[in-house]
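final.txt (compact mmCIF, C-alpha atoms)
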```txt
# COMPACT_ATOMS: atom_id res chain seq x y z
CA MET A 1 -6.50 -31.12 -52.32
CA ASN A 2 -5.55 -32.99 -49.16
CA LEU A 3 -2.66 -30.60 -48.75
CA ARG A 4 -5.11 -27.67 -48.80
CA TYR A 5 -7.27 -29.27 -46.10
CA ALA A 6 -4.20 -30.01 -44.03
CA SER A 7 -2.92 -26.45 -44.28
CA LEU A 8 -6.41 -25.09 -43.50
CA LEU A 9 -6.50 -27.34 -40.44
CA LEU A 10 -3.10 -26.11 -39.38
CA LEU A 11 -4.27 -22.53 -39.78
CA LEU A 12 -7.42 -23.13 -37.75
CA CYS A 13 -5.70 -24.96 -34.89
CA PRO A 14 -4.23 -21.84 -33.26
CA ILE A 15 -7.56 -20.05 -33.65
CA ALA A 16 -9.35 -22.90 -31.95
CA SER A 17 -6.90 -22.94 -29.07
CA ALA A 18 -7.11 -19.16 -28.77
CA GLN A 19 -10.87 -19.35 -28.48
CA SER A 20 -10.58 -21.82 -25.61
CA ASP A 21 -8.50 -19.33 -23.58
CA ARG A 22 -10.43 -17.77 -20.77
CA SER A 23 -9.76 -14.62 -18.86
CA PHE A 24 -11.13 -13.29 -15.60
CA ILE A 25 -11.47 -9.82 -14.20
CA LEU A 26 -11.83 -8.99 -10.53
CA ASP A 27 -15.20 -7.30 -10.11
CA GLN A 28 -15.45 -6.80 -6.37
CA SER A 29 -13.06 -7.40 -3.54
CA THR A 30 -12.81 -7.05 0.18
CA LEU A 31 -9.43 -7.71 1.70
CA THR A 32 -9.26 -7.55 5.47
CA TYR A 33 -6.18 -7.86 7.63
CA HIS A 34 -6.66 -8.67 11.28
CA MET A 35 -4.25 -7.33 13.88
CA THR A 36 -4.19 -8.43 17.49
CA HIS A 37 -2.81 -6.50 20.44
CA PRO A 38 -3.40 -7.25 24.13
CA ILE A 39 -5.92 -4.39 24.29
CA HIS A 40 -6.83 -4.09 20.63
CA GLU A 41 -8.43 -6.13 17.89
CA VAL A 42 -8.20 -4.23 14.64
CA ASP A 43 -9.46 -4.98 11.15
CA GLY A 44 -8.12 -3.02 8.18
CA VAL A 45 -10.23 -3.23 5.05
CA SER A 46 -9.56 -2.46 1.42
CA HIS A 47 -12.03 -2.65 -1.44
CA ALA A 48 -9.56 -1.29 -3.98
CA ALA A 49 -7.90 -4.49 -5.21
CA LYS A 50 -7.55 -5.10 -8.92
CA GLY A 51 -7.13 -8.48 -10.47
CA LYS A 52 -6.91 -10.42 -13.66
CA GLY A 53 -6.66 -14.04 -14.62
CA VAL A 54 -5.57 -15.51 -17.94
CA CYS A 55 -5.93 -19.13 -18.95
CA HIS A 56 -3.86 -20.80 -21.61
CA THR A 57 -3.12 -24.44 -22.41
CA GLY A 58 -4.93 -25.65 -19.33
CA GLN A 59 -3.21 -23.33 -16.86
CA CYS A 60 -4.61 -20.13 -15.42
CA ASP A 61 -2.40 -17.36 -14.07
CA PHE A 62 -3.96 -14.87 -11.71
CA LEU A 63 -2.67 -11.58 -10.44
CA LEU A 64 -4.27 -9.56 -7.70
CA ALA A 65 -2.84 -6.19 -6.66
CA VAL A 66 -3.83 -3.70 -4.03
CA ALA A 67 -2.27 -0.47 -2.81
CA VAL A 68 -1.15 -0.65 0.81
CA LYS A 69 -2.51 2.81 1.52
CA THR A 70 -6.05 1.78 0.62
CA PHE A 71 -6.44 -0.28 3.80
CA ASP A 72 -8.66 1.51 6.26
CA SER A 73 -8.70 0.48 9.91
CA GLY A 74 -11.04 3.27 10.99
CA ASP A 75 -8.19 5.32 12.46
CA SER A 76 -6.11 7.51 10.17
CA ASN A 77 -3.20 7.63 12.61
CA ARG A 78 -3.03 3.85 12.82
CA ASP A 79 -3.22 3.58 9.04
CA LEU A 80 -0.26 5.90 8.64
CA HIS A 81 1.73 3.88 11.16
CA MET A 82 0.80 0.73 9.27
CA LEU A 83 1.99 2.40 6.08
CA GLN A 84 5.28 3.21 7.76
CA VAL A 85 6.04 -0.21 9.25
CA THR A 86 5.13 -2.00 6.04
CA ARG A 87 7.25 0.48 4.03
CA GLY A 88 4.13 1.29 2.05
CA ALA A 89 5.58 4.38 0.39
CA GLN A 90 8.65 2.49 -0.79
CA PHE A 91 6.65 -0.57 -1.83
CA PRO A 92 3.16 0.78 -2.48
CA ILE A 93 1.57 -2.31 -4.00
CA VAL A 94 0.86 -5.75 -2.60
CA THR A 95 0.69 -8.37 -5.30
CA VAL A 96 -0.62 -11.90 -5.09
CA ARG A 97 0.11 -14.31 -7.91
CA PHE A 98 -1.15 -17.83 -8.23
CA ARG A 99 -1.59 -20.47 -10.88
CA LEU A 100 -4.41 -22.95 -11.11
CA PRO A 101 -5.17 -25.73 -13.53
CA GLU A 102 -8.08 -24.65 -15.68
CA SER A 103 -9.92 -27.85 -14.78
CA ALA A 104 -9.95 -26.78 -11.13
CA LEU A 105 -11.66 -23.47 -11.80
CA ASP A 106 -15.14 -24.90 -11.46
CA SER A 107 -14.40 -26.71 -8.23
CA PRO A 108 -16.00 -25.43 -5.01
CA ASN A 109 -12.70 -25.83 -3.18
CA LEU A 110 -9.52 -24.35 -4.54
CA ASP A 111 -6.06 -25.24 -3.37
CA CYS A 112 -3.79 -22.32 -4.22
CA ASP A 113 -0.07 -21.79 -4.02
CA LEU A 114 0.29 -18.07 -3.51
CA GLU A 115 3.24 -15.85 -4.20
CA VAL A 116 2.81 -12.66 -2.23
CA GLN A 117 4.98 -9.59 -2.72
CA PHE A 118 4.64 -7.16 0.12
CA ALA A 119 6.90 -4.69 1.90
CA GLY A 120 9.74 -5.48 -0.46
CA ASN A 121 9.69 -9.19 0.27
CA THR A 122 8.26 -12.19 -1.51
CA THR A 123 6.68 -15.06 0.38
CA HIS A 124 5.13 -18.26 -0.87
CA TYR A 125 2.13 -19.82 0.80
CA ALA A 126 1.49 -23.37 -0.29
CA HIS A 127 -1.90 -25.07 -0.34
CA VAL A 128 -4.01 -22.18 0.86
CA PRO A 129 -7.63 -23.33 0.77
CA PHE A 130 -10.24 -21.12 -0.85
CA HIS A 131 -13.92 -21.68 -1.17
CA GLN A 132 -15.71 -20.90 -4.39
CA VAL A 133 -19.34 -20.29 -5.24
CA MET A 134 -20.23 -19.91 -8.90
CA GLU A 135 -23.15 -17.85 -10.11
CA GLY A 136 -23.24 -17.88 -13.89
CA ASN A 137 -20.12 -16.17 -15.11
CA ARG A 138 -19.19 -14.94 -11.67
CA HIS A 139 -16.87 -16.76 -9.30
CA HIS A 140 -17.18 -15.74 -5.66
CA ILE A 141 -13.99 -16.83 -3.93
CA THR A 142 -13.29 -16.53 -0.21
CA GLY A 143 -10.43 -17.62 1.98
CA THR A 144 -7.77 -16.51 4.40
CA VAL A 145 -4.07 -16.03 3.77
CA PRO A 146 -2.16 -17.02 6.92
CA SER A 147 0.35 -14.22 6.73
CA THR A 148 2.64 -13.12 9.52
CA LEU A 149 4.84 -10.11 10.09
CA THR A 150 8.01 -12.18 10.04
CA ASP A 151 7.10 -13.53 6.59
CA PHE A 152 7.75 -10.04 5.27
CA LYS A 153 10.44 -8.98 7.75
CA ILE A 154 8.18 -6.35 9.30
CA ASP A 155 9.09 -5.16 12.76
CA PRO A 156 6.02 -5.60 14.93
CA PRO A 157 4.64 -2.18 15.82
CA SER A 158 3.91 -1.60 19.47
CA PHE A 159 1.23 0.28 21.28
CA LEU A 160 1.75 1.46 24.83
CA THR A 161 5.16 -0.23 24.49
CA VAL A 162 3.52 -3.66 23.91
CA PRO A 163 4.05 -5.18 20.44
CA ILE A 164 1.22 -6.62 18.37
CA LYS A 165 0.94 -10.34 17.62
CA ASN A 166 2.97 -11.74 14.76
CA GLU A 167 -0.04 -13.30 13.00
CA ILE A 168 -1.79 -10.97 10.55
CA PRO A 169 -4.27 -13.16 8.69
CA VAL A 170 -5.74 -11.57 5.59
CA ARG A 171 -9.30 -12.50 4.77
CA VAL A 172 -9.99 -12.49 1.05
CA ASP A 173 -13.44 -12.05 -0.41
CA THR A 174 -13.39 -11.63 -4.17
CA THR A 175 -15.77 -11.87 -7.06
CA TRP A 176 -14.28 -12.62 -10.46
CA SER A 177 -16.18 -12.49 -13.70
CA GLN A 178 -15.26 -14.51 -16.72
CA GLN A 179 -14.69 -12.48 -19.86
CA MET B 1 15.32 0.64 -86.91
CA ALA B 2 16.09 -2.82 -85.56
CA ARG B 3 19.15 -1.40 -83.77
CA HIS B 4 16.99 1.36 -82.32
CA VAL B 5 14.44 -1.19 -81.02
CA SER B 6 17.17 -3.36 -79.50
CA ALA B 7 18.71 -0.28 -77.87
CA ILE B 8 15.33 0.57 -76.28
CA ARG B 9 14.96 -3.07 -75.16
CA SER B 10 18.40 -3.13 -73.61
CA ARG B 11 17.75 0.21 -71.85
CA PHE B 12 14.43 -1.20 -70.55
CA CYS B 13 16.17 -4.34 -69.32
CA PHE B 14 18.95 -2.42 -67.58
CA GLY B 15 16.41 -0.01 -66.15
CA THR B 16 14.32 -2.87 -64.80
CA MET B 17 17.38 -4.58 -63.35
CA GLY B 18 18.48 -1.29 -61.80
CA LEU B 19 15.07 -0.69 -60.22
CA THR B 20 14.94 -4.28 -58.97
CA ALA B 21 18.38 -3.92 -57.46
CA LEU B 22 17.39 -0.58 -55.90
CA PHE B 23 14.20 -1.93 -54.31
CA ALA B 24 16.04 -5.01 -53.13
CA PHE B 25 18.69 -2.79 -51.53
CA VAL B 26 16.41 -0.43 -49.63
CA PRO B 27 15.34 -2.84 -46.83
CA SER B 28 18.92 -3.91 -46.24
CA LEU B 29 19.87 -0.23 -45.96
CA ALA B 30 17.11 0.25 -43.45
CA ALA B 31 18.26 -2.77 -41.47
CA GLN B 32 21.85 -1.59 -41.38
CA SER B 33 20.87 1.85 -40.25
CA SER B 34 18.89 0.54 -37.31
CA ASP B 35 21.21 2.33 -34.93
CA THR B 36 19.45 5.53 -35.90
CA PRO B 37 16.03 4.74 -34.52
CA THR B 38 14.31 7.93 -35.65
CA THR B 39 14.58 6.92 -39.29
CA ALA B 40 14.80 3.16 -38.96
CA LEU B 41 11.74 2.55 -36.77
CA PRO B 42 9.08 3.64 -39.27
CA VAL B 43 10.78 1.71 -42.04
CA THR B 44 11.00 -1.41 -39.93
CA ALA B 45 7.41 -1.08 -38.87
CA THR B 46 6.11 -0.72 -42.41
CA SER B 47 8.40 -3.29 -43.92
CA THR B 48 7.38 -6.01 -41.45
CA SER B 49 4.14 -6.74 -43.21
CA SER B 50 5.81 -6.93 -46.65
CA LEU B 51 8.32 -9.58 -45.65
CA PRO B 52 7.18 -13.00 -46.79
CA ASP B 53 8.01 -14.86 -43.56
CA ALA B 54 6.98 -12.18 -41.11
CA PRO B 55 4.16 -13.11 -38.73
CA THR B 56 1.06 -11.03 -39.27
CA PRO B 57 0.86 -8.55 -36.40
CA THR B 58 -2.53 -9.05 -34.87
CA ASP B 59 -4.07 -6.58 -32.43
CA ALA B 60 -3.47 -8.88 -29.50
CA VAL B 61 0.23 -9.29 -30.25
CA LEU B 62 0.69 -5.57 -30.81
CA ALA B 63 -1.07 -4.79 -27.56
CA ALA B 64 0.96 -7.37 -25.67
CA SER B 65 4.24 -6.11 -27.06
CA ALA B 66 3.31 -2.51 -26.30
CA VAL B 67 2.72 -3.13 -22.59
CA PRO B 68 6.21 -4.30 -21.62
CA SER B 69 7.86 -1.37 -23.36
CA LEU B 70 5.95 0.89 -20.99
CA SER B 71 6.24 -1.37 -17.98
CA LEU B 72 9.91 -2.22 -18.23
CA ASN B 73 10.87 1.41 -17.70
CA PHE B 74 8.69 1.54 -14.65
CA PHE B 75 9.71 -1.79 -13.19
CA SER B 76 13.40 -1.19 -13.71
CA THR B 77 13.76 -0.21 -10.05
CA ALA B 78 14.86 -2.76 -7.46
CA PRO B 79 11.56 -3.60 -5.77
CA TYR B 80 10.06 -4.78 -8.99
CA GLN B 81 12.93 -6.77 -10.43
CA GLN B 82 10.94 -9.92 -10.27
CA ALA B 83 8.01 -8.38 -12.06
CA SER B 84 10.41 -6.95 -14.59
CA ALA B 85 11.95 -10.34 -15.22
CA THR B 86 8.52 -11.80 -15.70
CA LEU B 87 7.66 -9.11 -18.16
CA SER B 88 10.86 -9.48 -20.14
CA SER B 89 10.44 -13.22 -20.41
CA ARG B 90 6.89 -12.56 -21.39
CA SER B 91 7.85 -10.24 -24.22
CA GLN B 92 10.18 -12.86 -25.62
CA SER B 93 7.51 -15.51 -25.71
CA THR B 94 4.59 -13.29 -26.50
CA ASP B 95 4.07 -14.75 -29.93
CA GLN B 96 3.96 -18.26 -28.43
CA ASN B 97 1.83 -18.00 -25.30
CA PRO B 98 -0.18 -15.28 -23.61
CA SER B 99 1.87 -14.39 -20.56
CA PRO B 100 0.67 -14.04 -16.97
CA PRO B 101 -1.02 -10.74 -16.24
CA SER B 102 1.15 -7.85 -15.11
CA LEU B 103 0.46 -4.76 -13.06
CA SER B 104 0.00 -2.65 -16.16
CA ASP B 105 -2.68 -5.09 -17.32
CA LEU B 106 -4.62 -4.15 -14.20
CA GLY B 107 -4.71 -0.50 -15.19
CA LEU B 108 -2.27 0.58 -12.50
CA THR B 109 -0.35 3.64 -13.61
CA PRO B 110 3.35 4.16 -12.89
CA ASP B 111 2.41 6.96 -10.49
CA GLN B 112 0.42 4.48 -8.44
CA THR B 113 3.14 1.87 -8.31
CA LYS B 114 6.39 3.80 -8.20
CA PRO B 115 8.37 3.82 -4.95
CA ASP B 116 8.54 7.13 -3.12
CA PRO B 117 11.63 7.12 -0.87
CA ASP B 118 10.99 10.70 0.26
CA ALA B 119 7.49 9.85 1.45
CA GLN B 120 8.89 6.77 3.20
CA ALA B 121 11.51 8.92 4.91
CA ARG B 122 8.81 11.33 6.07
CA LEU B 123 6.74 8.41 7.36
CA ASP B 124 9.75 7.00 9.20
CA ARG B 125 10.54 10.35 10.79
CA ARG B 126 6.89 10.88 11.70
CA SER B 127 6.58 7.47 13.33
CA HIS B 128 9.87 7.92 15.17
CA MET B 129 8.79 11.27 16.61
CA LEU B 130 5.31 10.05 17.50
CA LYS B 131 6.75 7.03 19.30
CA ILE B 132 8.76 9.41 21.45
CA HIS B 133 5.60 11.52 21.86
CA GLN B 134 3.69 8.45 23.00
CA ARG B 135 6.37 7.31 25.42
CA LEU B 136 6.94 10.75 26.91
CA GLY B 137 3.19 11.24 27.15
CA LEU B 138 2.85 8.07 29.18
CA TYR B 139 5.73 9.05 31.46
CA THR B 140 4.19 12.51 31.90
CA THR B 141 1.10 10.98 33.51
CA ILE B 142 3.26 10.18 36.56
CA PRO B 143 4.26 13.77 37.49
CA ILE B 144 0.77 15.00 36.57
CA ALA B 145 -0.82 12.46 38.90
CA VAL B 146 1.68 13.20 41.66
CA ALA B 147 1.14 16.94 41.18
CA CYS B 148 -2.62 16.44 41.59
CA ILE B 149 -2.09 14.40 44.77
CA SER B 150 0.48 16.79 46.20
CA GLY B 151 -1.82 19.71 45.32
CA ALA B 152 -4.40 18.38 47.77
CA GLY B 153 -1.83 18.63 50.55
CA ALA B 154 -0.59 22.02 49.42
CA VAL B 155 -3.72 23.85 50.53
CA PRO B 156 -2.62 25.50 53.81
CA ASP B 157 -4.54 25.53 57.04
CA LYS B 158 -5.51 28.91 58.36
CA ASN B 159 -2.71 28.83 60.90
CA SER B 160 0.08 27.49 58.69
CA TYR B 161 0.31 30.00 55.82
CA GLY B 162 3.98 30.48 56.63
CA ASN B 163 4.86 26.80 56.12
CA THR B 164 5.65 26.53 52.39
CA THR B 165 7.13 23.00 52.26
CA SER B 166 4.08 21.23 50.91
CA ARG B 167 3.55 24.01 48.38
CA ASP B 168 7.20 23.91 47.33
CA VAL B 169 6.98 20.18 46.76
CA HIS B 170 3.79 20.65 44.73
CA VAL B 171 5.36 23.43 42.67
CA SER B 172 8.46 21.32 41.94
CA ILE B 173 6.47 18.32 40.80
CA ALA B 174 4.14 20.52 38.76
CA ALA B 175 7.15 22.12 37.09
CA VAL B 176 8.44 18.68 36.11
CA ALA B 177 4.98 17.78 34.77
CA ILE B 178 4.79 20.96 32.71
CA GLY B 179 8.30 20.47 31.35
CA MET B 180 7.57 16.90 30.32
CA TYR B 181 4.23 17.93 28.86
CA ALA B 182 5.97 20.58 26.76
CA SER B 183 8.50 18.00 25.53
CA THR B 184 5.68 15.59 24.68
CA ALA B 185 3.86 18.30 22.76
CA TYR B 186 7.04 19.26 20.93
CA TYR B 187 7.41 15.80 19.38
CA ALA B 188 3.78 15.79 18.22
CA ILE B 189 3.98 19.30 16.77
CA ARG B 190 7.31 18.74 15.01
CA ALA B 191 6.36 15.36 13.53
CA PRO B 192 6.07 15.83 9.74
CA ARG B 193 2.63 15.93 8.23
CA VAL B 194 2.26 13.24 5.62
CA SER B 195 -1.41 13.47 4.80
CA ASP B 196 -3.88 16.31 4.39
CA GLU B 197 -6.83 14.02 4.92
CA PRO B 198 -8.96 14.77 7.96
CA ALA B 199 -8.28 12.62 11.01
CA ARG B 200 -10.53 9.62 11.57
CA GLY B 201 -11.10 7.47 14.62
CA GLY B 202 -9.67 7.88 18.11
CA ILE B 203 -6.96 10.25 16.95
CA LYS B 204 -9.68 12.79 16.12
CA ILE B 205 -10.85 12.92 19.77
CA HIS B 206 -7.21 12.87 20.87
CA LYS B 207 -6.69 16.06 18.84
CA TYR B 208 -9.91 17.70 20.03
CA LEU B 209 -8.83 17.21 23.65
CA ILE B 210 -5.69 19.24 22.97
CA TRP B 211 -7.96 22.30 23.02
CA ILE B 212 -8.70 21.54 26.66
CA HIS B 213 -5.46 20.28 28.17
CA ALA B 214 -3.04 22.55 26.29
CA PRO B 215 -4.63 25.83 27.49
CA GLY B 216 -5.07 24.13 30.86
CA MET B 217 -1.36 23.40 31.05
CA ILE B 218 -0.62 27.10 30.42
CA LEU B 219 -3.33 28.46 32.69
CA THR B 220 -2.73 26.11 35.63
CA PRO B 221 0.78 27.34 36.53
CA ILE B 222 -0.30 30.98 36.07
CA LEU B 223 -3.22 30.51 38.43
CA GLY B 224 -0.97 28.47 40.73
CA THR B 225 1.55 31.30 40.91
CA MET B 226 -1.24 33.79 41.69
CA ALA B 227 -2.61 31.44 44.37
CA PHE B 228 0.89 30.91 45.79
CA ASN B 229 1.41 34.68 46.07
CA ASP B 230 -1.98 35.17 47.68
CA ILE B 231 -1.20 32.52 50.29
CA ALA B 232 2.27 33.96 50.84
CA SER B 233 0.55 37.30 51.50
CA GLY B 234 -1.37 35.63 54.30
CA HIS B 235 -4.80 35.24 52.76
CA LYS B 236 -6.75 32.70 50.74
CA PRO B 237 -6.53 32.83 46.95
CA THR B 238 -8.96 35.32 45.47
CA GLY B 239 -10.19 36.19 42.00
CA ILE B 240 -9.37 33.74 39.23
CA ALA B 241 -6.55 32.28 41.37
CA GLN B 242 -9.17 30.40 43.38
CA TYR B 243 -9.91 28.30 40.26
CA HIS B 244 -6.37 26.92 40.10
CA GLN B 245 -7.36 23.53 41.48
CA ALA B 246 -10.44 23.20 39.25
CA VAL B 247 -8.47 24.12 36.14
CA ALA B 248 -5.66 21.72 37.11
CA LEU B 249 -8.04 18.81 37.63
CA THR B 250 -9.87 19.53 34.36
CA THR B 251 -6.52 19.57 32.58
CA ALA B 252 -5.47 16.28 34.15
CA VAL B 253 -8.76 14.61 33.26
CA ALA B 254 -8.58 15.87 29.66
CA TYR B 255 -5.00 14.64 29.45
CA GLY B 256 -5.96 11.17 30.69
CA ALA B 257 -8.94 11.12 28.33
CA SER B 258 -6.70 11.93 25.38
CA ILE B 259 -4.57 8.87 26.19
CA ILE B 260 -7.65 6.68 26.41
CA ALA B 261 -9.08 8.21 23.22
CA VAL B 262 -6.06 7.26 21.14
CA SER B 263 -6.28 3.73 22.58
CA TRP B 264 -9.98 3.38 21.88
CA PRO B 265 -11.69 0.96 21.39
CA ILE B 266 -10.09 -1.17 24.06
CA HIS B 267 -10.67 -4.92 23.83
CA PHE B 268 -9.49 -6.87 26.80
CA PRO B 269 -8.34 -10.44 26.11
CA HIS B 270 -11.26 -12.12 27.86
CA HIS B 271 -13.65 -10.29 25.50
CA GLY B 272 -11.96 -11.90 22.53
CA ALA B 273 -12.21 -15.33 24.11
CA GLN B 274 -15.98 -15.18 24.38
```

As structure tokens, please, write out the structure in this file.
Amino acid sequence: MNLRYASLLLLLCPIASAQSDRSFILDQSTLTYHMTHPIHEVDGVSHAAKGKGVCHTGQCDFLLAVAVKTFDSGDSNRDLHMLQVTRGAQFPIVTVRFRLPESALDSPNLDCDLEVQFAGNTTHYAHVPFHQVMEGNRHHITGTVPSTLTDFKIDPPSFLTVPIKNEIPVRVDTTWSQQ
Amino acid sequence: MARHVSAIRSRFCFGTMGLTALFAFVPSLAAQSSDTPTTALPVTATSTSSLPDAPTPTDAVLAASAVPSLSLNFFSTAPYQQASATLSSRSQSTDQNPSPPSLSDLGLTPDQTKPDPDAQARLDRRSHMLKIHQRLGLYTTIPIAVACISGAGAVPDKNSYGNTTSRDVHVSIAAVAIGMYASTAYYAIRAPRVSDEPARGGIKIHKYLIWIHAPGMILTPILGTMAFNDIASGHKPTGIAQYHQAVALTTAVAYGASIIAVSWPIHFPHHGAQ
């Protein structure tokens, strides 16, 4: 009899752990890169990011992906040049991966180690702070990735023979919903 | 009778043993013939559930194992080696832990994520040609400006129609301006088109202004030649030749505006500091 209970317990254990797994889907996103030139300040915006997060055994893995060509700076010519310098046809997707302890998901401040794949290069950004506001099942997360052109071996494009600044911070505004 | 019954029994026993041996042999045959996937795959798939120690294939596991088989083909190219490695490690441990999400989990199709070297080559060529266009266009402002200035001095006094020096200088500089303008235009026209989407932003005005300065650049030297011949004949330019200066100035202004348009909006550093 005890053996039956024990085997039933063993059978139920994986089910119980499976039920505790959480997953997240990216509902809304606004990713904005900021480019600085001596006579220009340009913001390129994309709302086309897709993302998913999966939690298991206390760790949550997130993936966010966005097509380079979806960034709109308000000038189609500039966007095509951006696509060229970032090798956006050869490497069409930017991916951001990060892992968080499940216990940290409800915290208002998130400390993320990001792995960003962009323009054929992978760069790690450690301890990037994000701010989180929770509304029911929805997690509104904002922050800025301190990316630079040299991080991804991108030659700085120039305008009127003057190159742009190396710093291209990317502002992240995302809303994730728990499934 | 007893012999007949025992014969039936022995036939039944041998028959049972034979059937048992046959059924026991079939899976091993299927396993050995796995190098012929067209026949082996369905057998393997159906026999999995009948094996006593086989894990029960749940929907989640089947879905997870189906994704890498699609994704691995797509991610086999160099840019996605890392993602591919992640996926392959994931497929090995899929029955243990749910793996980190992959691009295919996000609903991205291979068409959306595959590299396009041809498109990249077109983009590279386009950017290269437009950089030359931009640089030549900036340099062309110098002869255009000088031609405008020298044009003011090229208008002869009533008593000096025979002195052609100032006009010759103006014509020479204007010829340089027109030649450089044509070269600038060539690099813009020959740059490959990479998108059929309508132009947005400053480039749109830049393109509209072509309809002013391009005809102007053709008309100005024609009117200039007519005006030159009129003056050489000893009288002031008449007819449409008298509009040479007005057309030239309109062309120069449109040309300058097209440079500003493609640079618009301009933010000077002190604006950003405020």

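Between CA of Val170 (chain A) and CA of Pro146 (chain A) the separation is 6.7 Å.
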
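Here the question is which of B:Tyr181, B:Tyr139, B:Tyr187, B:Phe228 gets nearest to chain A using all atoms listed in the file, and that residue is B:Tyr139.
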
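Minimum atom-to-atom distances from A:Asn137, A:Thr122, A:Gln28, A:Thr86 to Asp106 (chain A) were compared using all atoms listed in the file, and the lowest value belongs to A:Asn137.
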
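Distances here use only C-alpha atoms; by that measure, the residue among A:Gln90, A:Thr70, A:Asn166, A:Thr123 closest to chain B is A:Gln90.
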
Problem - All residues 10 Å or closer to Ile259 (chain B), all atoms listed in the file, same chain fewer than 5 positions away omitted, as a ChimeraX atom specification - result: /A:160 /B:134,137-138,141,202-203,205-206,209,254,264

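With distances restricted to only C-alpha atoms, A:Gly120 is the closest residue to chain B from A:Gly136, A:Gly120, A:Pro101, A:Gly58.
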
Practice task
Select residues of chain A: the criterion is any atom within 6 Å of an atom of chain B, counting only C-alpha atoms; output as an MDAnalysis selection string.
Solution key: chainID A and resid 39:40 61 74:76 84 89:92 120

Export C-alpha atoms of the chosen residues as an mmCIF file, keeping the file's coordinate frame?
```
data_model
loop_
_atom_site.group_PDB
_atom_site.id
_atom_site.type_symbol
_atom_site.label_atom_id
_atom_site.label_comp_id
_atom_site.auth_asym_id
_atom_site.auth_seq_id
_atom_site.Cartn_x
_atom_site.Cartn_y
_atom_site.Cartn_z
ATOM 1 C CA ILE A 39 -5.920 -4.390 24.290
ATOM 2 C CA HIS A 40 -6.830 -4.090 20.630
ATOM 3 C CA ASP A 61 -2.400 -17.360 -14.070
ATOM 4 C CA GLY A 74 -11.040 3.270 10.990
ATOM 5 C CA ASP A 75 -8.190 5.320 12.460
ATOM 6 C CA SER A 76 -6.110 7.510 10.170
ATOM 7 C CA GLN A 84 5.280 3.210 7.760
ATOM 8 C CA ALA A 89 5.580 4.380 0.390
ATOM 9 C CA GLN A 90 8.650 2.490 -0.790
ATOM 10 C CA PHE A 91 6.650 -0.570 -1.830
ATOM 11 C CA PRO A 92 3.160 0.780 -2.480
ATOM 12 C CA GLY A 120 9.740 -5.480 -0.460
#
```

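CA of Glu115 (chain A) is positioned 18.8 Å from CA of Thr30 (chain A).
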
Practice task
Please write as a PyMOL selection string the list of polymer residues whose atoms come within 9 Å of (8.0, -4.3, 7.7), counting only C-alpha atoms and keeping to the coordinates of the file.
Solution key: chain A and resi 82+84-88+118-120+149-150+152-156

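Interatomic distance, CA of Ala49 (chain A) to CA of Ile164 (chain A): 25.4 Å.
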
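With all atoms listed in the file as the atoms that count, the minimum distance from Met35 (chain A) to the choices A:Gln178, A:Ser73, A:Phe62, A:Cys55 is reached by A:Ser73.
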